[in-house]
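As stored in model-v7.pdb (PDB, C-alpha atoms, pLDDT in the B column):
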ATOM      1  CA  MET A  65     111.846 105.085  83.778  1.00 52.00           C
ATOM      2  CA  THR A  66     112.184 108.460  85.449  1.00 69.00           C
ATOM      3  CA  SER A  67     114.336 111.583  85.227  1.00 84.00           C
ATOM      4  CA  LEU A  68     115.833 113.570  88.085  1.00 82.00           C
ATOM      5  CA  ASP A  69     112.589 115.546  88.347  1.00 89.00           C
ATOM      6  CA  GLY A  70     110.675 112.277  88.227  1.00 89.00           C
ATOM      7  CA  THR A  71     112.826 110.885  91.037  1.00 91.00           C
ATOM      8  CA  HIS A  72     112.005 113.971  93.103  1.00 93.00           C
ATOM      9  CA  ARG A  73     108.290 113.495  92.360  1.00 93.00           C
ATOM     10  CA  VAL A  74     108.387 109.821  93.413  1.00 95.00           C
ATOM     11  CA  ALA A  75     110.245 110.791  96.586  1.00 96.00           C
ATOM     12  CA  ALA A  76     107.718 113.542  97.317  1.00 96.00           C
ATOM     13  CA  ALA A  77     104.811 111.124  96.867  1.00 95.00           C
ATOM     14  CA  ILE A  78     106.381 108.703  99.332  1.00 97.00           C
ATOM     15  CA  ALA A  79     107.204 111.532 101.765  1.00 96.00           C
ATOM     16  CA  GLY A  80     103.579 112.642 101.605  1.00 94.00           C
ATOM     17  CA  MET A  81     102.464 109.225 102.817  1.00 95.00           C
ATOM     18  CA  SER A  82     105.262 108.723 105.346  1.00 95.00           C
ATOM     19  CA  ARG A  83     104.692 108.974 109.058  1.00 93.00           C
ATOM     20  CA  ILE A  84     106.745 109.121 112.215  1.00 92.00           C
ATOM     21  CA  GLY A  85     108.596 105.879 112.789  1.00 91.00           C
ATOM     22  CA  ASP A  86     108.959 104.983 109.110  1.00 94.00           C
ATOM     23  CA  VAL A  87     112.180 103.615 107.678  1.00 93.00           C
ATOM     24  CA  ILE A  88     112.910 104.108 103.970  1.00 95.00           C
ATOM     25  CA  VAL A  89     115.805 102.004 102.653  1.00 94.00           C
ATOM     26  CA  LEU A  90     117.526 103.227  99.485  1.00 95.00           C
ATOM     27  CA  SER A  91     119.553 100.863  97.359  1.00 93.00           C
ATOM     28  CA  GLY A  92     121.419 101.279  94.115  1.00 92.00           C
ATOM     29  CA  ASP A  93     124.902 101.640  92.725  1.00 89.00           C
ATOM     30  CA  MET A  94     127.009 104.789  92.990  1.00 85.00           C
ATOM     31  CA  GLY A  95     125.321 107.552  91.010  1.00 83.00           C
ATOM     32  CA  ALA A  96     121.949 105.799  90.870  1.00 88.00           C
ATOM     33  CA  GLY A  97     120.101 108.714  92.458  1.00 90.00           C
ATOM     34  CA  LYS A  98     119.878 107.853  96.167  1.00 91.00           C
ATOM     35  CA  THR A  99     120.890 111.338  97.321  1.00 91.00           C
ATOM     36  CA  ALA A 100     118.639 112.919  94.682  1.00 92.00           C
ATOM     37  CA  PHE A 101     115.776 110.847  96.096  1.00 95.00           C
ATOM     38  CA  ALA A 102     116.685 112.034  99.614  1.00 95.00           C
ATOM     39  CA  GLN A 103     116.633 115.651  98.410  1.00 96.00           C
ATOM     40  CA  GLY A 104     113.152 115.299  96.914  1.00 96.00           C
ATOM     41  CA  PHE A 105     111.937 113.457 100.004  1.00 97.00           C
ATOM     42  CA  GLY A 106     113.319 116.069 102.385  1.00 96.00           C
ATOM     43  CA  ARG A 107     111.990 118.998 100.377  1.00 96.00           C
ATOM     44  CA  ALA A 108     108.516 117.429 100.438  1.00 96.00           C
ATOM     45  CA  LEU A 109     108.714 117.167 104.228  1.00 96.00           C
ATOM     46  CA  GLY A 110     109.667 120.832 104.499  1.00 95.00           C
ATOM     47  CA  VAL A 111     113.450 120.654 104.861  1.00 96.00           C
ATOM     48  CA  THR A 112     114.766 124.034 103.707  1.00 94.00           C
ATOM     49  CA  GLU A 113     118.508 123.547 104.133  1.00 93.00           C
ATOM     50  CA  PRO A 114     120.609 121.732 101.512  1.00 93.00           C
ATOM     51  CA  ILE A 115     120.401 117.941 101.765  1.00 92.00           C
ATOM     52  CA  THR A 116     123.757 116.327 101.106  1.00 87.00           C
ATOM     53  CA  SER A 117     124.971 112.772 101.342  1.00 80.00           C
ATOM     54  CA  PRO A 118     126.089 111.999 104.894  1.00 72.00           C
ATOM     55  CA  THR A 119     128.818 109.645 103.668  1.00 65.00           C
ATOM     56  CA  PHE A 120     131.500 110.898 106.049  1.00 66.00           C
ATOM     57  CA  THR A 121     129.290 111.857 108.994  1.00 71.00           C
ATOM     58  CA  VAL A 122     127.058 108.763 108.569  1.00 77.00           C
ATOM     59  CA  VAL A 123     123.863 110.542 109.757  1.00 85.00           C
ATOM     60  CA  HIS A 124     122.470 114.039 109.121  1.00 88.00           C
ATOM     61  CA  THR A 125     119.335 115.155 110.951  1.00 90.00           C
ATOM     62  CA  TYR A 126     117.025 117.802 109.535  1.00 93.00           C
ATOM     63  CA  ASP A 127     114.333 119.417 111.679  1.00 92.00           C
ATOM     64  CA  THR A 128     111.299 120.669 109.756  1.00 89.00           C
ATOM     65  CA  GLY A 129     109.613 122.002 112.865  1.00 85.00           C
ATOM     66  CA  ARG A 130     107.055 119.210 112.852  1.00 86.00           C
ATOM     67  CA  ILE A 131     109.127 116.137 112.073  1.00 91.00           C
ATOM     68  CA  LEU A 132     112.768 115.081 112.080  1.00 92.00           C
ATOM     69  CA  LEU A 133     114.317 113.517 108.998  1.00 94.00           C
ATOM     70  CA  HIS A 134     117.318 111.345 109.795  1.00 92.00           C
ATOM     71  CA  HIS A 135     119.334 110.738 106.626  1.00 91.00           C
ATOM     72  CA  ALA A 136     121.932 107.992 107.008  1.00 88.00           C
ATOM     73  CA  ASP A 137     124.540 106.648 104.605  1.00 85.00           C
ATOM     74  CA  LEU A 138     126.051 103.235 105.339  1.00 82.00           C
ATOM     75  CA  TYR A 139     128.503 103.217 102.423  1.00 80.00           C
ATOM     76  CA  ARG A 140     131.677 103.676 104.484  1.00 67.00           C
ATOM     77  CA  LEU A 141     130.823 101.176 107.211  1.00 60.00           C
ATOM     78  CA  ASP A 142     132.945  98.024 107.128  1.00 57.00           C
ATOM     79  CA  ARG A 143     131.230  95.706 109.592  1.00 56.00           C
ATOM     80  CA  THR A 144     127.668  94.964 110.596  1.00 60.00           C
ATOM     81  CA  SER A 145     128.654  95.674 114.208  1.00 55.00           C
ATOM     82  CA  GLU A 146     129.209  99.315 113.170  1.00 59.00           C
ATOM     83  CA  ILE A 147     125.624  99.399 111.916  1.00 63.00           C
ATOM     84  CA  ASP A 148     124.395  98.021 115.240  1.00 58.00           C
ATOM     85  CA  ASP A 149     126.439 100.645 117.114  1.00 59.00           C
ATOM     86  CA  LEU A 150     124.576 103.427 115.272  1.00 63.00           C
ATOM     87  CA  ALA A 151     121.240 102.272 116.769  1.00 59.00           C
ATOM     88  CA  LEU A 152     119.449 103.536 113.653  1.00 64.00           C
ATOM     89  CA  ALA A 153     116.079 102.107 114.649  1.00 63.00           C
ATOM     90  CA  GLU A 154     116.103 104.299 117.751  1.00 65.00           C
ATOM     91  CA  LEU A 155     116.256 107.418 115.585  1.00 63.00           C
ATOM     92  CA  THR A 156     112.623 106.965 114.570  1.00 60.00           C
ATOM     93  CA  GLU A 157     111.487 107.001 118.197  1.00 65.00           C
ATOM     94  CA  ASP A 158     112.001 110.781 118.485  1.00 68.00           C
ATOM     95  CA  GLU A 159     109.349 112.070 116.094  1.00 74.00           C
ATOM     96  CA  GLY A 160     111.444 111.057 113.117  1.00 89.00           C
ATOM     97  CA  ILE A 161     111.616 109.277 109.812  1.00 94.00           C
ATOM     98  CA  LEU A 162     114.776 107.393 108.862  1.00 92.00           C
ATOM     99  CA  LEU A 163     116.035 107.447 105.271  1.00 93.00           C
ATOM    100  CA  VAL A 164     119.025 105.118 104.734  1.00 90.00           C
ATOM    101  CA  GLU A 165     121.287 105.240 101.669  1.00 89.00           C
ATOM    102  CA  TRP A 166     123.057 101.941 100.984  1.00 83.00           C
ATOM    103  CA  GLY A 167     120.546 100.590 103.492  1.00 79.00           C
ATOM    104  CA  ASP A 168     120.115  97.295 101.686  1.00 82.00           C
ATOM    105  CA  VAL A 169     123.304  96.054 103.402  1.00 79.00           C
ATOM    106  CA  ALA A 170     121.531  96.374 106.761  1.00 78.00           C
ATOM    107  CA  ALA A 171     117.899  95.897 105.758  1.00 80.00           C
ATOM    108  CA  ASP A 172     117.504  92.830 107.961  1.00 81.00           C
ATOM    109  CA  ARG A 173     118.518  94.975 110.969  1.00 79.00           C
ATOM    110  CA  LEU A 174     116.151  97.839 110.189  1.00 82.00           C
ATOM    111  CA  GLY A 175     112.843  96.053 110.695  1.00 85.00           C
ATOM    112  CA  SER A 176     109.780  96.871 108.655  1.00 91.00           C
ATOM    113  CA  HIS A 177     110.577  99.392 105.910  1.00 93.00           C
ATOM    114  CA  LEU A 178     109.951 100.594 102.395  1.00 95.00           C
ATOM    115  CA  LEU A 179     112.682  99.502  99.979  1.00 95.00           C
ATOM    116  CA  VAL A 180     113.379 101.941  97.152  1.00 96.00           C
ATOM    117  CA  SER A 181     115.794 100.588  94.536  1.00 94.00           C
ATOM    118  CA  LEU A 182     117.253 103.010  92.009  1.00 93.00           C
ATOM    119  CA  GLU A 183     118.993 101.825  88.878  1.00 91.00           C
ATOM    120  CA  PRO A 184     120.555 104.106  86.266  1.00 84.00           C
ATOM    121  CA  ILE A 185     119.643 103.407  82.666  1.00 82.00           C
ATOM    122  CA  ASP A 186     122.874 103.154  80.687  1.00 73.00           C
ATOM    123  CA  ASP A 187     122.042 105.240  77.646  1.00 68.00           C
ATOM    124  CA  ASP A 188     120.880 108.338  79.591  1.00 66.00           C
ATOM    125  CA  ASP A 189     122.764 109.877  82.540  1.00 67.00           C
ATOM    126  CA  ASP A 190     119.566 111.436  83.917  1.00 74.00           C
ATOM    127  CA  ALA A 191     117.269 108.410  83.534  1.00 82.00           C
ATOM    128  CA  ARG A 192     116.754 105.774  86.183  1.00 86.00           C
ATOM    129  CA  ARG A 193     114.420 102.931  87.007  1.00 89.00           C
ATOM    130  CA  VAL A 194     112.816 103.163  90.453  1.00 92.00           C
ATOM    131  CA  THR A 195     111.387 100.038  92.068  1.00 93.00           C
ATOM    132  CA  ILE A 196     109.511 100.231  95.365  1.00 95.00           C
ATOM    133  CA  ARG A 197     108.611  97.349  97.644  1.00 93.00           C
ATOM    134  CA  PRO A 198     107.236  97.208 101.186  1.00 94.00           C
ATOM    135  CA  VAL A 199     109.134  94.898 103.550  1.00 93.00           C
ATOM    136  CA  GLY A 200     107.232  93.943 106.687  1.00 92.00           C
ATOM    137  CA  SER A 201     103.914  95.339 107.813  1.00 93.00           C
ATOM    138  CA  SER A 202     104.510  99.073 108.344  1.00 91.00           C
ATOM    139  CA  TRP A 203     103.424  99.996 104.791  1.00 92.00           C
ATOM    140  CA  SER A 204     100.778  97.290 104.329  1.00 90.00           C
ATOM    141  CA  THR A 205      97.766  99.575 104.836  1.00 91.00           C
ATOM    142  CA  ARG A 206      99.300 102.426 102.807  1.00 93.00           C
ATOM    143  CA  TRP A 207     100.697 100.301  99.996  1.00 94.00           C
ATOM    144  CA  PRO A 208      97.577 100.222  97.747  1.00 93.00           C
ATOM    145  CA  LYS A 209      97.227 104.006  97.977  1.00 93.00           C
ATOM    146  CA  LEU A 210     100.933 104.542  97.289  1.00 93.00           C
ATOM    147  CA  GLU A 211     100.728 102.269  94.250  1.00 90.00           C
ATOM    148  CA  GLY A 212      97.803 104.327  92.989  1.00 90.00           C
ATOM    149  CA  VAL A 213      99.574 107.643  93.519  1.00 88.00           C
ATOM    150  CA  LEU A 214     102.738 106.426  91.788  1.00 86.00           C
ATOM    151  CA  SER A 215     100.934 104.947  88.791  1.00 82.00           C
ATOM    152  CA  CYS A 216      99.483 108.360  87.859  1.00 61.00           C
TER     153      CYS A 216
END
Now, as a test, write the supplied structure out as structure tokens.
Amino acid sequence: MTSLDGTHRVAAAIAGMSRIGDVIVLSGDMGAGKTAFAQGFGRALGVTEPITSPTFTVVHTYDTGRILLHHADLYRLDRTSEIDDLALAELTEDEGILLVEWGDVAADRLGSHLLVSLEPIDDDDDARRVTIRPVGSSWSTRWPKLEGVLSC
């Protein structure tokens, strides 16, 4: 169980171990903390401007000066062909990391990634359960270290 600050700390730990080409898929119901996770993740990478949900623009890109953070939101997309048209995987080829809210609907199209599931805990508006799982090989060598960092 984690609070908003805890969600930011988890996101920062993952950001600290992320590298160019990584895809982080965020899943969870409305209000589960996906955008809050993105804010903590971006801040840890050095994003100084406000990080907002790109629900209507689909993708926001933040330039930290050393790395690009592409923050996508697939909530408003109706068809999988729209996801393909975005060419999200190509965004990581330009010195970037891709963070995808509602990404679980397209996870099979995003290749190897880290799946972060956020679930609100009913009796506390600020509390949530965060579950993290590597999918594919991109996190296989970093996974034991990430588990260690997050268990502290």
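For the file shown, the residue list from the PyMOL selection byres ((chain A and resi 177) around 7) reads A:Asp86, A:Val87, A:Ile88, A:Val89, A:Gly175, A:Ser176, A:Leu178, A:Leu179, A:Pro198, A:Val199, A:Gly200, A:Ser202.
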*Output check: residues returned by the PyMOL selection byres ((chain A and resi 76) around 10), as a VMD selection string*: chain A and resid 70 to 75 77 to 82 101 to 109
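Of the listed residues (A:Ala170, A:Ile131, A:Ala191, A:Leu162), A:Ala191 comes nearest to Gly97 (chain A); the distances count all atoms listed in the file.
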*Top pick for closest residue to Lys98 (chain A), considering A:Lys209, A:His124, A:His135, A:Arg197 and counting only C-alpha atoms*: A:His135
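Of the listed residues A:Ser67, A:Thr116, A:Ser91, A:Thr128, the one whose atoms come nearest to Val180 (chain A) is A:Ser91, with distances taken using only C-alpha atoms.
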*Can you work out which one of A:Leu214, A:Ile84, A:Val194, A:Ala171 has the shortest atom-to-atom distance to Leu68 (chain A), counting only C-alpha atoms?*
A:Val194
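Under the PyMOL selection byres ((chain A and resi 165) around 6), the matching residues in the shown file are Leu90, Asp137, Val164, Trp166 and Gly167 of chain A.
For the pair CA of Ile185 (chain A) and CA of Ser117 (chain A), the interatomic distance is 21.6 Å.
Proximity ranking of A:Glu183, A:Asp93, A:Asp127, A:Asp69 relative to Thr195 (chain A) places A:Glu183 first, based on all atoms listed in the file.
CA of Gly85 (chain A) is positioned 21.9 Å from CA of Thr121 (chain A).
Across the model, the gap from CA of Gly129 (chain A) to CA of Thr112 (chain A) is 10.7 Å.
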*Give the answer as one residue: which of A:Ser201, A:Ala136, A:Ile161, A:Ile196 has the shortest atom-to-atom distance to Ser215 (chain A), using all atoms listed in the file?*
A:Ile196
